[in-house]
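Take a look at the structure set out below.
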Amino acid sequence: MAKEMDLSSAYRYLKSPNIKTRKTALKVIKDSKKKKNKPV
């Protein structure tokens with residue numbers, strides 16, 4: 001999983017049995033939420 005994930009893929013990867021994959025997916029989701037809530 002070297003390439004960058006988009007949000008929909010990240011939510012799908014959360015169901016993965018692979019722990020590294022899940023952690024990466026969680027990070028992507030958290031980052032996107034942080035960006036979304038930040039006032040510009």
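Every chain in the structure tokens has a letter given in the order shown (A, B, ...), and although residue numbers restart at 1 in each chain, ligands are simply numbered from 1 in the order shown.
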Backbone-only DSSP, helix (DSSP H, G or I) members of chain A, as a list in words:
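Answer for chain A restricted to helix (DSSP H, G or I) is Leu7, Ser8, Ser9, Ala10, Tyr11, Arg12, Tyr13, Ile19, Lys20, Thr21, Arg22, Lys23, Thr24, Ala25, Leu26, Lys27, Val28, Ile29, Lys30, Asp31, Ser32, Lys33, Lys34, Lys35, Lys36 and Asn37 of chain A.
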Take the residues from that selection and write them out as a CSV table (one decimal), in the first residue's frame, keeping C-alpha atoms.
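File produced: out-v3.csv:
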chain,number,residue,atom,x,y,z
A,7,LEU,CA,-11.1,9.0,1.9
A,8,SER,CA,-13.4,6.3,0.6
A,9,SER,CA,-10.5,3.8,0.3
A,10,ALA,CA,-9.5,4.7,3.8
A,11,TYR,CA,-12.9,3.8,5.2
A,12,ARG,CA,-12.8,0.5,3.3
A,13,TYR,CA,-9.3,-0.3,4.6
A,19,ILE,CA,-3.0,-3.7,11.5
A,20,LYS,CA,-0.6,-1.4,9.6
A,21,THR,CA,-3.2,-0.9,6.9
A,22,ARG,CA,-5.8,0.0,9.5
A,23,LYS,CA,-3.5,2.5,11.2
A,24,THR,CA,-2.7,4.2,7.9
A,25,ALA,CA,-6.4,4.4,7.1
A,26,LEU,CA,-7.2,5.9,10.5
A,27,LYS,CA,-4.4,8.5,10.0
A,28,VAL,CA,-5.8,9.5,6.6
A,29,ILE,CA,-9.3,9.9,8.0
A,30,LYS,CA,-8.2,11.9,11.0
A,31,ASP,CA,-6.1,14.2,8.8
A,32,SER,CA,-9.0,14.8,6.5
A,33,LYS,CA,-11.3,15.6,9.4
A,34,LYS,CA,-8.7,17.9,10.9
A,35,LYS,CA,-8.4,19.8,7.6
A,36,LYS,CA,-12.2,20.0,7.1
A,37,ASN,CA,-12.8,21.5,10.6
